[in-house]
Amino acid sequence: MRKTLVSGILVCMAAALAPAQQAHIKIDTDRTIGEVDPLIFGNFAEHLGRCIYGGLYEPGSPLADAEGYRKDVMEAIHGLGVTMLRWPGGNFASGYNWKDGIGPKKDRPVRPEGAWGSLEPNQFGTDEFLKYCERVGVTPYVCINAGLGTVEEARQWVEYTNESRDTYWAQQRRKNGRQEPYKVKYWGLGNEIDGPWQLGHKSAEDYVKFALEAAKAMRRADDSIKLIASGSSNFRPGSNWIQWNQTVLEGLKSEIDYISLHTYIGNSKNNLEQFLAASQDIDQRIAVVEGLIRAAQASMERPRPIYIAYDEWNVWYRARGESEFETGKTRLEEIYNFEDALAMGMFLNSFIRHANVVKMANLAQVVNVIAPIFTNEKGLFLQPIYFPLAEYAKQRGNVAIDALIVSPTYRVGAREPIPYLDSSVTLDKKGGYLYVNVLNKSEKLDIAARIENITGTLGASIDVWQMDYPDLKATHTFGADKKVRPSTKTIVGSGNKLNYTFPKHSLTILRAKVS
Ligand code: AHR
C-alpha cells in the first residue's frame, strides 16, 4: 500500500479496488488544525437578478415587513446558520457608487448597471443592508469599488458607516436616521480585479498600487477594520493565477488581513465522480496560497497574520448566458439537485481541513441567484443544497482535527488518485462532541469504514445525519421541497471504535459524545 499526504490528511491508496471496499478513519483529538471559524459559514448578496430586489427586499409584498425585508427569507437565512453577509457584489461592486444608495429613497437615482446590464433603482443601499444584517444577526462585509471607483470614495464610505465624531459623512448618516456608527469591520478591497470581465480590471501591479492607497485611507477613517485583498478568481489556462496572488501578497502584506479566492464548479460532463474531484483544485488552491502567504511573510520581522477568505464558492454552470456576463439576461437562477448538495460537503470539508488558514468563506449567493433559497411573490422553497449548509454550520467554533483517512481511491484522467471518502473531523470541546463529516464520492460503491478514536471513547449513542438519495438529479420546486432532505437516526457505539457503511453518493455527519 502506497501512502500519500493530501492536504494534511494521510490517504493510503489501495493498489486496486477490491470488491469489498474498506476504509479507516483514525482520530487523535490532540492533532488539531485550528478553529473552524464561524465566518466560514458566511454568505453573499449581490445586486444581481432577484437576489436583493424580490429576494431579500420586496417592499409592498404581503411577505415583507414595514421596512420591505422579506420575513420568510429572513427566517430561511436564520435556519441556514449564516454568520456573515458580503455585499454589494461581486461584479456589481466594481461599478457601484455607494452615494447613490443613501438618503431619501425618492431622490435616489436609477442607473444603468455596468456589470450585469440591468437598471439599478438604488432603493436598497448601505443603510438598508447594514440594518438588514442587524435584523438577521449576521456580520456585514462590504466590498469597495476597486474597479471604476476611487480611493476617496472608499474612505468616505468607511467614514459614513463607522465615524462617531461630528464629521460630514457621519452627519449624513445621522441625517439618514442612524445616530450610532454601524462599526463595519470587514471591508473587501475590490472584487475579482484579476478577471478581464471585471469593470476596471487591472494588472496585479496596478491593483496593488490602488489597494495600498485605499487601505491606507480607509484605515485612517477607522484603524480597527479588517481588509480582504482581491485574490484569484481567474484560473483559466494562461491566467497565471499564482503570480497574481504572489504580487498581491508581496505588495499588500503589511496592510491586509485576508486574501480572497473564488471557485465555481460544474458537472457539465454529467459525471459525478469527475464533478466531485474538484476538491483537488480547492485543496491545491488553498495550499498554494497558504505557501505564498508564508513566503511573503518570511522576510518580515513581525508579520501581520494573513488568512484566506474563500469569499465566493458554489456550483454554477447551468444558469450561465451564452456569454458568461451577457448583460441583463443572466440572472443565475440555478435549480440545484441532489449531487450539488453533495458538493457542499466537498467544499466545506476542504475549508475545515484547512481551518488554520481558511478563516472566512461566503457561499455565492444567498437567495435566488445561485442560492439555497428560491422565492417567488407567494413564498419560497429550499433547494437541496440548503440542508448540508445548515447542518455543517452547527460546527462553527469547533476545533478541526487532522484525522487519518485510509480510503479506496479513483482516478480522473492524469490527476492524482482521489479518495472516495472525502472527510473532515471537528471537535466541540465545550459540549464534548466529535463530528465526523464524510462524503462518499463513489457513484456505485458503498464503503464500509472502521472509525477509531485513539484519544477517548465514542459514546454509546451516535447521531447520524445523512443525505442519501437514489436520484442524483432530483430537484425541488415550489410546494415540493421535502424530497431531497436529510434523514437522521441514532446508532449504538461501544468503546472507541465504530463500523459504519457510507452509502454510495451520500453525505453523512456522525456526531458522537467523546470522553
Ligand atoms: O456570484 C456571481 C458572480 O460570480 C460575481 O458577481 C462575481 O464576483 C463572480 O464572477
# chains A, B, ... in the order shown; residues from 1 in each chain; ligands from 1
>>> residues_near_ligand(ligand="ligand 1", cutoff="10 Å", atoms="only C-alpha atoms and all ligand atoms", output="NGL selection string")
:A and (44-48 or 88-94 or 115-116 or 190-193 or 195 or 197-198 or 233-234 or 262-264 or 311-314 or 316 or 320 or 324-325 or 330-332 or 363-366 or 369-371)
>>> write_last_selection(atoms="N, CA and C atoms", output="compact mmCIF listing (two decimals), in the first residue's frame")
# COMPACT_ATOMS: atom_id res chain seq x y z
N PHE A 44 -23.49 35.67 0.75
CA PHE A 44 -23.20 36.78 -0.14
C PHE A 44 -24.49 37.24 -0.81
N ALA A 45 -24.71 38.56 -0.86
CA ALA A 45 -25.89 39.11 -1.52
C ALA A 45 -25.45 40.20 -2.49
N GLU A 46 -25.69 39.97 -3.76
CA GLU A 46 -25.26 40.93 -4.79
C GLU A 46 -26.48 41.57 -5.45
N HIS A 47 -26.30 42.80 -5.93
CA HIS A 47 -27.33 43.44 -6.76
C HIS A 47 -27.27 42.78 -8.13
N LEU A 48 -27.99 41.72 -8.27
CA LEU A 48 -27.92 40.90 -9.48
C LEU A 48 -29.22 40.11 -9.54
N PRO A 88 -21.83 44.82 -1.80
CA PRO A 88 -22.97 44.72 -2.71
C PRO A 88 -22.68 43.85 -3.92
N GLY A 89 -21.47 43.40 -4.09
CA GLY A 89 -21.08 42.46 -5.14
C GLY A 89 -19.75 41.93 -4.72
N GLY A 90 -19.25 41.01 -5.49
CA GLY A 90 -19.49 40.65 -6.86
C GLY A 90 -19.12 41.73 -7.89
N ASN A 91 -19.36 41.33 -9.12
CA ASN A 91 -19.03 42.21 -10.24
C ASN A 91 -19.72 43.57 -10.10
N PHE A 92 -20.90 43.55 -9.51
CA PHE A 92 -21.65 44.79 -9.34
C PHE A 92 -20.83 45.85 -8.58
N ALA A 93 -20.05 45.38 -7.62
CA ALA A 93 -19.30 46.32 -6.75
C ALA A 93 -18.37 47.21 -7.57
N SER A 94 -17.86 46.67 -8.68
CA SER A 94 -16.83 47.39 -9.43
C SER A 94 -17.36 48.56 -10.26
N ALA A 115 -22.16 45.93 -14.73
CA ALA A 115 -21.64 44.56 -14.64
C ALA A 115 -22.60 43.55 -15.23
N TRP A 116 -23.90 43.73 -14.97
CA TRP A 116 -24.89 42.74 -15.40
C TRP A 116 -25.91 43.33 -16.36
N GLY A 190 -12.08 45.35 -3.17
CA GLY A 190 -12.45 45.06 -4.56
C GLY A 190 -12.80 43.61 -4.79
N ASN A 191 -13.41 43.40 -5.95
CA ASN A 191 -13.88 42.07 -6.34
C ASN A 191 -13.26 41.62 -7.65
N GLU A 192 -12.67 40.45 -7.65
CA GLU A 192 -12.19 39.78 -8.88
C GLU A 192 -11.48 40.75 -9.83
N ILE A 193 -10.57 41.52 -9.28
CA ILE A 193 -9.87 42.50 -10.12
C ILE A 193 -8.93 41.78 -11.09
N GLY A 195 -9.88 39.43 -13.02
CA GLY A 195 -10.66 38.89 -14.15
C GLY A 195 -10.86 39.92 -15.25
N TRP A 197 -13.14 40.19 -17.21
CA TRP A 197 -14.55 40.57 -17.30
C TRP A 197 -14.92 41.69 -16.33
N GLN A 198 -14.04 41.97 -15.38
CA GLN A 198 -14.36 42.90 -14.29
C GLN A 198 -14.28 44.34 -14.79
N SER A 233 -9.60 34.69 -8.91
CA SER A 233 -10.90 34.15 -9.33
C SER A 233 -10.74 33.57 -10.73
N ASN A 234 -9.66 33.94 -11.36
CA ASN A 234 -9.45 33.55 -12.76
C ASN A 234 -8.40 32.44 -12.83
N HIS A 262 -11.90 32.62 -5.19
CA HIS A 262 -13.25 32.30 -5.68
C HIS A 262 -13.20 31.01 -6.50
N THR A 263 -14.16 30.13 -6.30
CA THR A 263 -14.23 28.92 -7.14
C THR A 263 -15.68 28.51 -7.37
N TYR A 264 -16.02 28.35 -8.64
CA TYR A 264 -17.31 27.78 -9.02
C TYR A 264 -17.03 26.49 -9.76
N ASP A 311 -14.28 33.86 -0.49
CA ASP A 311 -15.49 34.65 -0.37
C ASP A 311 -16.47 34.56 -1.54
N GLU A 312 -16.24 33.63 -2.45
CA GLU A 312 -17.28 33.18 -3.39
C GLU A 312 -17.00 31.72 -3.70
N TRP A 313 -17.98 30.89 -3.49
CA TRP A 313 -17.84 29.48 -3.87
C TRP A 313 -19.23 28.88 -4.06
N ASN A 314 -19.33 27.98 -4.98
CA ASN A 314 -20.61 27.27 -5.19
C ASN A 314 -20.51 26.42 -6.46
N TRP A 316 -22.02 26.31 -10.09
CA TRP A 316 -22.68 27.26 -11.00
C TRP A 316 -22.27 26.92 -12.43
N ARG A 320 -25.93 30.01 -16.87
CA ARG A 320 -24.98 30.98 -17.43
C ARG A 320 -25.50 31.36 -18.80
N GLU A 324 -20.80 34.44 -20.50
CA GLU A 324 -20.97 34.38 -19.05
C GLU A 324 -21.56 35.66 -18.48
N PHE A 325 -21.18 36.76 -19.05
CA PHE A 325 -21.62 38.03 -18.48
C PHE A 325 -22.54 38.78 -19.44
N THR A 330 -28.50 37.40 -17.76
CA THR A 330 -28.03 36.33 -16.90
C THR A 330 -28.49 36.59 -15.47
N ARG A 331 -29.46 35.82 -15.03
CA ARG A 331 -29.99 36.04 -13.69
C ARG A 331 -29.50 34.96 -12.72
N LEU A 332 -28.79 34.02 -13.26
CA LEU A 332 -28.12 32.99 -12.44
C LEU A 332 -29.06 32.22 -11.53
N LEU A 363 -20.66 31.54 0.71
CA LEU A 363 -21.36 30.87 -0.38
C LEU A 363 -21.92 31.96 -1.28
N ALA A 364 -21.79 31.76 -2.59
CA ALA A 364 -22.41 32.70 -3.53
C ALA A 364 -23.59 31.98 -4.15
N GLN A 365 -24.80 32.49 -3.89
CA GLN A 365 -25.19 33.61 -3.08
C GLN A 365 -26.34 33.18 -2.19
N VAL A 366 -27.07 34.14 -1.58
CA VAL A 366 -27.99 33.71 -0.53
C VAL A 366 -29.40 33.38 -1.01
N VAL A 369 -30.24 33.95 -6.69
CA VAL A 369 -29.06 33.94 -7.57
C VAL A 369 -28.09 32.87 -7.05
N ILE A 370 -27.95 31.78 -7.83
CA ILE A 370 -27.11 30.63 -7.40
C ILE A 370 -27.21 30.42 -5.88
N ALA A 371 -28.40 30.07 -5.44
CA ALA A 371 -28.68 30.18 -4.00
C ALA A 371 -29.46 29.00 -3.42
>>> residues_around(residues="Lys99 of chain A", least_positions_apart="2", cutoff="9 Å", atoms="only C-alpha atoms", output="MDAnalysis selection string")
chainID A and resid 96:97 101:103 108 125:126 153 157
>>> closest_residue(among="A:Ala361, A:Ser254, A:Tyr420, A:Thr161", to="Ser299 of chain A", atoms="only C-alpha atoms")
A:Ser254
>>> closest_residue(among="A:Ala480, A:Leu227, A:Met84, A:Ala76", to="Cys143 of chain A", atoms="only C-alpha atoms")
A:Leu227
>>> closest_residue(among="A:Ala277, A:Leu439, A:Met300, A:Ala309", to="Gly413 of chain A", atoms="only C-alpha atoms")
A:Ala277
>>> select_by_dssp(residues="segment 21-105 of chain A", states="strand (DSSP E)", output="list of chain:residue names")
A:Gln22, A:Ala23, A:His24, A:Ile25, A:Lys26, A:Ile27, A:Thr32, A:Ile33, A:Gly34, A:Glu35, A:Gly42, A:Asn43, A:Phe44, A:Met84, A:Leu85, A:Arg86, A:Trp87
>>> write_last_selection(atoms="all heavy atoms", output="tab-separated table (two decimals), in the first residue's frame")
chain	number	residue	atom	x	y	z
A	22	GLN	N	-13.11	-1.11	1.91
A	22	GLN	CA	-12.88	-0.92	3.34
A	22	GLN	C	-12.11	0.37	3.56
A	22	GLN	O	-11.12	0.63	2.87
A	22	GLN	CB	-12.09	-2.12	3.89
A	22	GLN	CG	-11.87	-2.12	5.38
A	22	GLN	CD	-13.18	-2.27	6.18
A	22	GLN	OE1	-14.00	-3.12	5.87
A	22	GLN	NE2	-13.35	-1.44	7.20
A	23	ALA	N	-12.56	1.15	4.47
A	23	ALA	CA	-11.84	2.39	4.77
A	23	ALA	C	-11.60	2.47	6.27
A	23	ALA	O	-12.19	1.73	7.05
A	23	ALA	CB	-12.67	3.58	4.31
A	24	HIS	N	-10.73	3.40	6.63
A	24	HIS	CA	-10.37	3.53	8.03
A	24	HIS	C	-10.22	5.02	8.35
A	24	HIS	O	-9.53	5.75	7.64
A	24	HIS	CB	-9.04	2.78	8.25
A	24	HIS	CG	-8.56	2.80	9.67
A	24	HIS	ND1	-7.27	2.48	10.02
A	24	HIS	CD2	-9.19	3.09	10.82
A	24	HIS	CE1	-7.13	2.58	11.34
A	24	HIS	NE2	-8.28	2.96	11.84
A	25	ILE	N	-10.88	5.45	9.40
A	25	ILE	CA	-10.74	6.85	9.84
A	25	ILE	C	-10.21	6.81	11.27
A	25	ILE	O	-10.88	6.30	12.18
A	25	ILE	CB	-12.10	7.58	9.79
A	25	ILE	CG1	-12.63	7.57	8.34
A	25	ILE	CG2	-11.99	9.01	10.33
A	25	ILE	CD1	-14.00	8.20	8.16
A	26	LYS	N	-8.99	7.29	11.43
A	26	LYS	CA	-8.37	7.24	12.75
A	26	LYS	C	-8.27	8.66	13.30
A	26	LYS	O	-7.70	9.54	12.66
A	26	LYS	CB	-6.99	6.61	12.60
A	26	LYS	CG	-6.38	6.19	13.91
A	26	LYS	CD	-5.28	5.19	13.62
A	26	LYS	CE	-4.07	5.45	14.45
A	26	LYS	NZ	-2.88	4.83	13.91
A	27	ILE	N	-8.82	8.84	14.49
A	27	ILE	CA	-8.91	10.19	15.05
A	27	ILE	C	-8.07	10.31	16.32
A	27	ILE	O	-8.20	9.50	17.24
A	27	ILE	CB	-10.38	10.53	15.37
A	27	ILE	CG1	-11.21	10.47	14.08
A	27	ILE	CG2	-10.51	11.89	16.03
A	27	ILE	CD1	-12.68	10.25	14.31
A	32	THR	N	-4.70	18.87	16.33
A	32	THR	CA	-5.65	19.90	15.93
A	32	THR	C	-5.10	20.74	14.77
A	32	THR	O	-3.88	20.91	14.64
A	32	THR	CB	-5.96	20.83	17.12
A	32	THR	OG1	-4.74	21.40	17.57
A	32	THR	CG2	-6.60	20.07	18.26
A	33	ILE	N	-6.01	21.24	13.96
A	33	ILE	CA	-5.60	22.08	12.81
A	33	ILE	C	-5.82	23.55	13.13
A	33	ILE	O	-4.99	24.40	12.85
A	33	ILE	CB	-6.42	21.70	11.55
A	33	ILE	CG1	-6.25	20.21	11.21
A	33	ILE	CG2	-6.00	22.55	10.36
A	33	ILE	CD1	-7.21	19.72	10.13
A	34	GLY	N	-6.97	23.83	13.73
A	34	GLY	CA	-7.30	25.22	14.05
A	34	GLY	C	-8.79	25.33	14.30
A	34	GLY	O	-9.54	24.36	14.12
A	35	GLU	N	-9.23	26.53	14.69
A	35	GLU	CA	-10.65	26.73	14.94
A	35	GLU	C	-11.42	26.75	13.62
A	35	GLU	O	-10.95	27.32	12.63
A	35	GLU	CB	-10.89	28.06	15.67
A	35	GLU	CG	-12.30	28.17	16.20
A	35	GLU	CD	-12.80	29.60	16.41
A	35	GLU	OE1	-12.21	30.56	15.89
A	35	GLU	OE2	-13.82	29.73	17.09
A	42	GLY	N	-20.27	32.09	6.04
A	42	GLY	CA	-20.75	33.36	5.52
A	42	GLY	C	-21.51	33.15	4.22
A	42	GLY	O	-21.49	32.07	3.62
A	43	ASN	N	-22.19	34.21	3.80
A	43	ASN	CA	-22.93	34.16	2.54
A	43	ASN	C	-22.76	35.49	1.83
A	43	ASN	O	-21.99	36.35	2.29
A	43	ASN	CB	-24.40	33.82	2.83
A	43	ASN	CG	-24.99	32.97	1.73
A	43	ASN	OD1	-25.01	33.39	0.58
A	43	ASN	ND2	-25.46	31.80	2.08
A	44	PHE	N	-23.49	35.67	0.75
A	44	PHE	CA	-23.20	36.78	-0.14
A	44	PHE	C	-24.49	37.24	-0.81
A	44	PHE	O	-25.28	36.41	-1.26
A	44	PHE	CB	-22.15	36.26	-1.14
A	44	PHE	CG	-21.85	37.10	-2.34
A	44	PHE	CD1	-21.79	38.47	-2.27
A	44	PHE	CD2	-21.58	36.49	-3.55
A	44	PHE	CE1	-21.49	39.23	-3.39
A	44	PHE	CE2	-21.26	37.23	-4.68
A	44	PHE	CZ	-21.23	38.60	-4.60
A	84	MET	N	-22.34	35.65	8.22
A	84	MET	CA	-21.81	36.89	7.62
A	84	MET	C	-22.47	37.09	6.27
A	84	MET	O	-22.80	36.11	5.59
A	84	MET	CB	-20.30	36.70	7.45
A	84	MET	CG	-19.63	37.71	6.54
A	84	MET	SD	-17.87	37.44	6.42
A	84	MET	CE	-17.26	38.72	7.48
A	85	LEU	N	-22.63	38.34	5.87
A	85	LEU	CA	-23.17	38.62	4.55
A	85	LEU	C	-22.26	39.61	3.81
A	85	LEU	O	-21.99	40.70	4.33
A	85	LEU	CB	-24.59	39.21	4.68
A	85	LEU	CG	-25.60	38.91	3.59
A	85	LEU	CD1	-25.68	37.45	3.20
A	85	LEU	CD2	-26.98	39.41	4.02
A	86	ARG	N	-21.80	39.18	2.65
A	86	ARG	CA	-20.96	40.04	1.82
A	86	ARG	C	-21.87	40.81	0.87
A	86	ARG	O	-22.84	40.25	0.33
A	86	ARG	CB	-19.98	39.15	1.04
A	86	ARG	CG	-19.06	39.85	0.07
A	86	ARG	CD	-18.04	38.83	-0.48
A	86	ARG	NE	-17.12	39.40	-1.44
A	86	ARG	CZ	-17.17	39.17	-2.75
A	86	ARG	NH1	-18.11	38.40	-3.28
A	86	ARG	NH2	-16.27	39.71	-3.56
A	87	TRP	N	-21.53	42.04	0.55
A	87	TRP	CA	-22.40	42.93	-0.23
A	87	TRP	C	-21.56	44.11	-0.71
A	87	TRP	O	-20.56	44.43	-0.04
A	87	TRP	CB	-23.53	43.44	0.71
A	87	TRP	CG	-24.44	44.46	0.12
A	87	TRP	CD1	-25.56	44.24	-0.63
A	87	TRP	CD2	-24.32	45.89	0.22
A	87	TRP	NE1	-26.13	45.43	-0.98
A	87	TRP	CE2	-25.39	46.46	-0.47
A	87	TRP	CE3	-23.40	46.74	0.85
A	87	TRP	CZ2	-25.59	47.83	-0.58
A	87	TRP	CZ3	-23.58	48.12	0.74
A	87	TRP	CH2	-24.67	48.66	0.03
